Amino acid sequence: MVEYLPDDERVRVGRGGGALDALHALLGAFPAAYFLLAFLMDIAFARTAYWMWADFSIWLITAGLVAGALAVLVGIVDWLVRRNSTRGHGWNWHALITIVALLLGLLNAFIHSRDGWTAVVPEGIILSGVTALLLIVVAFLGAASSRRAAG
Amino acid sequence: MSRLRNLLLAGLAASFAGACSDPAFDDSSQIGPDPVLPRPTQFLIPPINVAPGKGWPAGKTPTVASGLEIKALATGLTHPRFIYVLPNGDILAVQAKPPAEPVKRPKDLVFGYVIGKADSTGGPRPDNRISLIRDANGDGTPELQTVLLDNLNAPFGVAFVDGTLYVANTDGIVAFPYTPGQTKITAPPRVLAPLPAGAINHHWTKSLVASPDGSKLYATVGSNSNIVENGFDAERGRASVWEIDRRTGAGREFASGLRNPNSPAFYPGTNTFFVVVNERDELGAHLVPDYLTSVREGGFYGWPYSYYGQHLDPRVKPQNSLKVAAAIKPDYALGSHVAPLGLTFYSASLMPQFRGGAFIGEHGSWDRHNFYGYKVVYVPFAGGRPSGTALDVVTGFIDAEADRTFGRPVGVAVDRFGALLIADDFGNAIWRVTPAGWKPGPAPAPAAPVTAAR
């Protein structure tokens, strides 16, 4: 894909957008990590029925949602700052998958707030796995898109 | 994946459909020995509804069944939960401040906020004390209201046997030497027996009754969770009734599988006691009915594995088929989420229509949309067993239309004249029910005190 940025746009990206980009990438890494850990906790719980793992999992999911919300906010600001610039399709997919993943994460937070075994098995652990996978893809697409935008 | 999708869709549908009302259901089908049990439902957001507590406006009282009259016997108490009548007629009101429960999950923060709404706004904060109320002539206007005992540890149950007042704090039974008539206890407590408490202490109320011969005390210990979400280790010695030898303090689990049992009471003239039990939450607006049951030695009543006999709870892992097979079906269902906390049998003669039956104080629901409970009911007995339909005796604690709670009934007792007493923890009052237009005659002879068999 050909990336063409007029000179004035390049200046804007270089000043404000670069810092936002970096912040967005930094925050974007957290939800992926939190949800991946939550999925691992769910696996531990499903294997042992030991409650500590389920408690860890719901806190990690909550942290993932908070970090995800912050990342989305920074992402929106980032997008507004340079919406006039030409973008690859990567960004659209990035936004769409992020929203889907966080909505699934929210659904999962409610399921994980049930009492007992069915807080995790079966819906909770499946949602944790899907959310973690989606957020890893999102982080990858975001990083790839940033590289393209910067290059 | 299609199973998962169906589960998710069903959960979503249940949550949103349930956002404004409970599914249509005949609540009266869950009163009696054979309640109708719908299929369990699991929610994304379980139904929760409490009405803000506003206290009683001046001149307003609960509503009583026809032919009865109700008056506030005592006001200005701080969250009275349990009532005990001493042999000389003095009335003890146990007031307790619930121990703080640690936040274990984000959910606990949300629940604490939502359910806390029901507490009386701007009313007095709870205290850990027992007040003594003396109405010697029985006219409903006490001559004396004073603090008998202060600085207890979340007390609930009380029993007086043989010159000793036993108080069930949340962490154990303490004993004080006491002579009826005494209005202040300053003696230090003697610890008779510890009871399971600990850092979580979810169902913290420990209630107490003495055996008819006075040799044993029976203390209830509620579960440490809704449905073992704090792990099985946290449930040791819990969801059970303990038997404590009054002289040695030695204790053992007398019966188990009772999720949150309260207010044990011996059926008059027998050696059988009953408890009221709060069953599990978050399986639906119409599951699981709370109940009244007699308690058998060594009996297991299902929690956490199953309810009403062999109905498995899908949330318990690992299951225990031996325990499920042994689970006893309780005697009499009271309705889902009515939260029965008080139980007393009526053997006085003032209101003969109630002789031989039980009064039950229902604190009221939170785990469903349509308010349920928030009243005192009467369960008739025949041949020492609950029999027939429960009747509403005292209602009007909640105004569902205006989304407002005036008070909530907890403990119930019968005073020396035969009047029914009701502790109202959010209304900070003790209510007294008598026949309409009744005036007390001379005080009846003191009740025979319970003494230990030697």
# chains A, B, ... in the order shown; residues from 1 in each chain; ligands from 1
>>> residues_around(residues="B:Pro180", least_positions_apart="5", cutoff="10 Å", atoms="only C-alpha atoms", output="ChimeraX atom specification")
/B:86-90,160,163-165
>>> residues_around(residues="B:Lys206", least_positions_apart="6", cutoff="12 Å", atoms="only C-alpha atoms", output="PyMOL selection string")
chain B and resi 81-82+94+96+98+153-159+166-174+194-197+217-223+238-242+260-264+341
>>> closest_atom_pairs(of="chain A", to="chain B", cutoff="10 Å", atoms="only C-alpha atoms", output="JSON lines")
{"residue": "A:Ala46", "atom": "CA", "partner": "B:Lys317", "partner_atom": "CA", "distance": 9.9}
{"residue": "A:Thr48", "atom": "CA", "partner": "B:Pro318", "partner_atom": "CA", "distance": 9.5}
{"residue": "A:Ala49", "atom": "CA", "partner": "B:Lys317", "partner_atom": "CA", "distance": 6.5}
{"residue": "A:Tyr50", "atom": "CA", "partner": "B:Gly231", "partner_atom": "CA", "distance": 7.0}
{"residue": "A:Trp51", "atom": "CA", "partner": "B:Gly231", "partner_atom": "CA", "distance": 5.6}
{"residue": "A:Met52", "atom": "CA", "partner": "B:Gly231", "partner_atom": "CA", "distance": 8.2}
{"residue": "A:Ala54", "atom": "CA", "partner": "B:Glu229", "partner_atom": "CA", "distance": 9.0}
{"residue": "A:Asp55", "atom": "CA", "partner": "B:Arg105", "partner_atom": "CA", "distance": 6.4}
{"residue": "A:Phe56", "atom": "CA", "partner": "B:Arg105", "partner_atom": "CA", "distance": 8.7}
{"residue": "A:Ser57", "atom": "CA", "partner": "B:Arg105", "partner_atom": "CA", "distance": 9.7}
{"residue": "A:Ile58", "atom": "CA", "partner": "B:Arg105", "partner_atom": "CA", "distance": 7.0}
{"residue": "A:Trp59", "atom": "CA", "partner": "B:Arg105", "partner_atom": "CA", "distance": 6.8}
{"residue": "A:Thr62", "atom": "CA", "partner": "B:Pro106", "partner_atom": "CA", "distance": 7.7}
{"residue": "A:Leu107", "atom": "CA", "partner": "B:Leu44", "partner_atom": "CA", "distance": 7.4}
{"residue": "A:Asn108", "atom": "CA", "partner": "B:Leu44", "partner_atom": "CA", "distance": 8.7}
{"residue": "A:Ala109", "atom": "CA", "partner": "B:Leu44", "partner_atom": "CA", "distance": 8.8}
{"residue": "A:Phe110", "atom": "CA", "partner": "B:Leu44", "partner_atom": "CA", "distance": 5.1}
{"residue": "A:Ile111", "atom": "CA", "partner": "B:Leu44", "partner_atom": "CA", "distance": 5.5}
{"residue": "A:His112", "atom": "CA", "partner": "B:Leu44", "partner_atom": "CA", "distance": 8.9}
{"residue": "A:Ser113", "atom": "CA", "partner": "B:Lys107", "partner_atom": "CA", "distance": 6.1}
{"residue": "A:Arg114", "atom": "CA", "partner": "B:Phe43", "partner_atom": "CA", "distance": 7.6}
{"residue": "A:Asp115", "atom": "CA", "partner": "B:Glu229", "partner_atom": "CA", "distance": 5.4}
{"residue": "A:Gly116", "atom": "CA", "partner": "B:Arg315", "partner_atom": "CA", "distance": 4.6}
{"residue": "A:Trp117", "atom": "CA", "partner": "B:Arg315", "partner_atom": "CA", "distance": 4.7}
{"residue": "A:Thr118", "atom": "CA", "partner": "B:Arg315", "partner_atom": "CA", "distance": 5.3}
{"residue": "A:Ala119", "atom": "CA", "partner": "B:Arg315", "partner_atom": "CA", "distance": 7.9}
{"residue": "A:Val120", "atom": "CA", "partner": "B:Arg315", "partner_atom": "CA", "distance": 9.9}
{"residue": "A:Val121", "atom": "CA", "partner": "B:Arg315", "partner_atom": "CA", "distance": 9.4}
{"residue": "A:Pro122", "atom": "CA", "partner": "B:Leu4", "partner_atom": "CA", "distance": 8.0}
{"residue": "A:Glu123", "atom": "CA", "partner": "B:Leu4", "partner_atom": "CA", "distance": 6.5}
{"residue": "A:Ile126", "atom": "CA", "partner": "B:Leu4", "partner_atom": "CA", "distance": 8.6}
{"residue": "A:Leu127", "atom": "CA", "partner": "B:Leu4", "partner_atom": "CA", "distance": 9.7}
>>> residues_around(residues="A:Gly105", least_positions_apart="3", cutoff="10 Å", atoms="only C-alpha atoms", output="ChimeraX atom specification")
/A:31,35,61-62,64-65,68,99-102,108-111,124,127-128,130-132
>>> write_last_selection(atoms="C-alpha atoms", output="short mmCIF file (atom, residue, chain, number, x, y, z; two decimals), in the first residue's frame")
data_model
loop_
_atom_site.label_atom_id
_atom_site.label_comp_id
_atom_site.auth_asym_id
_atom_site.auth_seq_id
_atom_site.Cartn_x
_atom_site.Cartn_y
_atom_site.Cartn_z
CA PRO A 31 -5.54 -5.38 27.85
CA PHE A 35 -6.94 -10.96 29.15
CA ILE A 61 -10.67 -9.05 33.37
CA THR A 62 -11.68 -5.88 35.22
CA GLY A 64 -8.23 -5.41 31.17
CA LEU A 65 -11.49 -3.53 30.67
CA GLY A 68 -8.87 -1.21 27.30
CA ILE A 99 -14.69 -2.89 20.21
CA VAL A 100 -15.86 -6.47 19.71
CA ALA A 101 -13.15 -7.78 22.05
CA LEU A 102 -13.95 -5.30 24.81
CA ASN A 108 -17.25 -12.08 30.43
CA ALA A 109 -16.92 -9.82 33.49
CA PHE A 110 -20.61 -10.40 34.22
CA ILE A 111 -20.29 -14.14 33.73
CA GLY A 124 -16.36 -17.72 30.93
CA LEU A 127 -14.90 -15.85 26.26
CA SER A 128 -11.56 -15.32 28.00
CA VAL A 130 -11.59 -15.48 22.40
CA THR A 131 -11.04 -12.04 23.97
CA ALA A 132 -7.34 -12.69 24.56
#
>>> residues_around(residues="B:Gly138", least_positions_apart="5", cutoff="10 Å", atoms="only C-alpha atoms", output="VMD selection string")
chain B and resid 73 89 143 415 to 419 439 to 444
>>> closest_residue(among="A:Val72, A:Ala63, A:Leu20, A:Ala25", to="A:Gly142", atoms="only C-alpha atoms")
A:Ala25
>>> decode(residues="stretch 296-352 of chain B", atoms="C-alpha atoms", output="PDB file, in the first residue's frame")
ATOM      1  CA  ARG B 296     -32.556 -33.938  63.168  1.00  0.00           C
ATOM      2  CA  GLU B 297     -29.378 -34.972  64.907  1.00  0.00           C
ATOM      3  CA  GLY B 298     -26.763 -35.691  62.225  1.00  0.00           C
ATOM      4  CA  GLY B 299     -29.161 -34.487  59.526  1.00  0.00           C
ATOM      5  CA  PHE B 300     -27.814 -33.036  56.275  1.00  0.00           C
ATOM      6  CA  TYR B 301     -30.102 -30.612  54.425  1.00  0.00           C
ATOM      7  CA  GLY B 302     -28.358 -30.239  51.076  1.00  0.00           C
ATOM      8  CA  TRP B 303     -26.252 -27.083  50.996  1.00  0.00           C
ATOM      9  CA  PRO B 304     -24.175 -26.600  48.926  1.00  0.00           C
ATOM     10  CA  TYR B 305     -24.659 -29.665  46.741  1.00  0.00           C
ATOM     11  CA  SER B 306     -28.411 -29.749  46.335  1.00  0.00           C
ATOM     12  CA  TYR B 307     -31.691 -28.201  47.483  1.00  0.00           C
ATOM     13  CA  TYR B 308     -35.041 -29.671  48.525  1.00  0.00           C
ATOM     14  CA  GLY B 309     -33.572 -33.125  48.556  1.00  0.00           C
ATOM     15  CA  GLN B 310     -31.798 -34.106  45.371  1.00  0.00           C
ATOM     16  CA  HIS B 311     -32.088 -30.988  43.138  1.00  0.00           C
ATOM     17  CA  LEU B 312     -28.464 -30.441  42.119  1.00  0.00           C
ATOM     18  CA  ASP B 313     -26.951 -26.962  42.156  1.00  0.00           C
ATOM     19  CA  PRO B 314     -25.092 -26.583  38.821  1.00  0.00           C
ATOM     20  CA  ARG B 315     -22.536 -24.229  40.407  1.00  0.00           C
ATOM     21  CA  VAL B 316     -20.955 -26.686  42.833  1.00  0.00           C
ATOM     22  CA  LYS B 317     -17.738 -28.417  41.853  1.00  0.00           C
ATOM     23  CA  PRO B 318     -16.774 -31.041  42.857  1.00  0.00           C
ATOM     24  CA  GLN B 319     -20.198 -32.552  43.488  1.00  0.00           C
ATOM     25  CA  ASN B 320     -20.725 -35.187  46.168  1.00  0.00           C
ATOM     26  CA  SER B 321     -23.216 -37.877  45.241  1.00  0.00           C
ATOM     27  CA  LEU B 322     -23.188 -39.475  48.696  1.00  0.00           C
ATOM     28  CA  LYS B 323     -24.101 -36.169  50.323  1.00  0.00           C
ATOM     29  CA  VAL B 324     -26.785 -35.495  47.709  1.00  0.00           C
ATOM     30  CA  ALA B 325     -28.309 -38.927  48.297  1.00  0.00           C
ATOM     31  CA  ALA B 326     -28.396 -38.221  52.034  1.00  0.00           C
ATOM     32  CA  ALA B 327     -29.911 -34.737  51.719  1.00  0.00           C
ATOM     33  CA  ILE B 328     -33.113 -34.328  53.733  1.00  0.00           C
ATOM     34  CA  LYS B 329     -35.966 -32.391  52.164  1.00  0.00           C
ATOM     35  CA  PRO B 330     -36.955 -29.580  54.542  1.00  0.00           C
ATOM     36  CA  ASP B 331     -40.404 -29.543  56.155  1.00  0.00           C
ATOM     37  CA  TYR B 332     -42.055 -26.361  54.902  1.00  0.00           C
ATOM     38  CA  ALA B 333     -41.171 -23.848  52.156  1.00  0.00           C
ATOM     39  CA  LEU B 334     -41.796 -20.169  52.894  1.00  0.00           C
ATOM     40  CA  GLY B 335     -41.211 -18.668  49.421  1.00  0.00           C
ATOM     41  CA  SER B 336     -38.146 -17.669  47.406  1.00  0.00           C
ATOM     42  CA  HIS B 337     -35.904 -14.953  48.886  1.00  0.00           C
ATOM     43  CA  VAL B 338     -38.309 -13.902  51.662  1.00  0.00           C
ATOM     44  CA  ALA B 339     -35.300 -14.066  54.048  1.00  0.00           C
ATOM     45  CA  PRO B 340     -36.806 -15.590  57.209  1.00  0.00           C
ATOM     46  CA  LEU B 341     -34.697 -14.643  60.240  1.00  0.00           C
ATOM     47  CA  GLY B 342     -37.069 -14.825  63.208  1.00  0.00           C
ATOM     48  CA  LEU B 343     -39.011 -17.821  64.512  1.00  0.00           C
ATOM     49  CA  THR B 344     -41.071 -18.281  67.638  1.00  0.00           C
ATOM     50  CA  PHE B 345     -43.823 -20.695  68.620  1.00  0.00           C
ATOM     51  CA  TYR B 346     -47.001 -19.411  70.212  1.00  0.00           C
ATOM     52  CA  SER B 347     -48.195 -21.180  73.344  1.00  0.00           C
ATOM     53  CA  ALA B 348     -49.790 -18.284  75.213  1.00  0.00           C
ATOM     54  CA  SER B 349     -53.538 -17.779  75.603  1.00  0.00           C
ATOM     55  CA  LEU B 350     -53.924 -14.090  74.691  1.00  0.00           C
ATOM     56  CA  MET B 351     -54.429 -14.844  70.989  1.00  0.00           C
ATOM     57  CA  PRO B 352     -55.808 -18.404  71.036  1.00  0.00           C
TER      58      PRO B 352
END
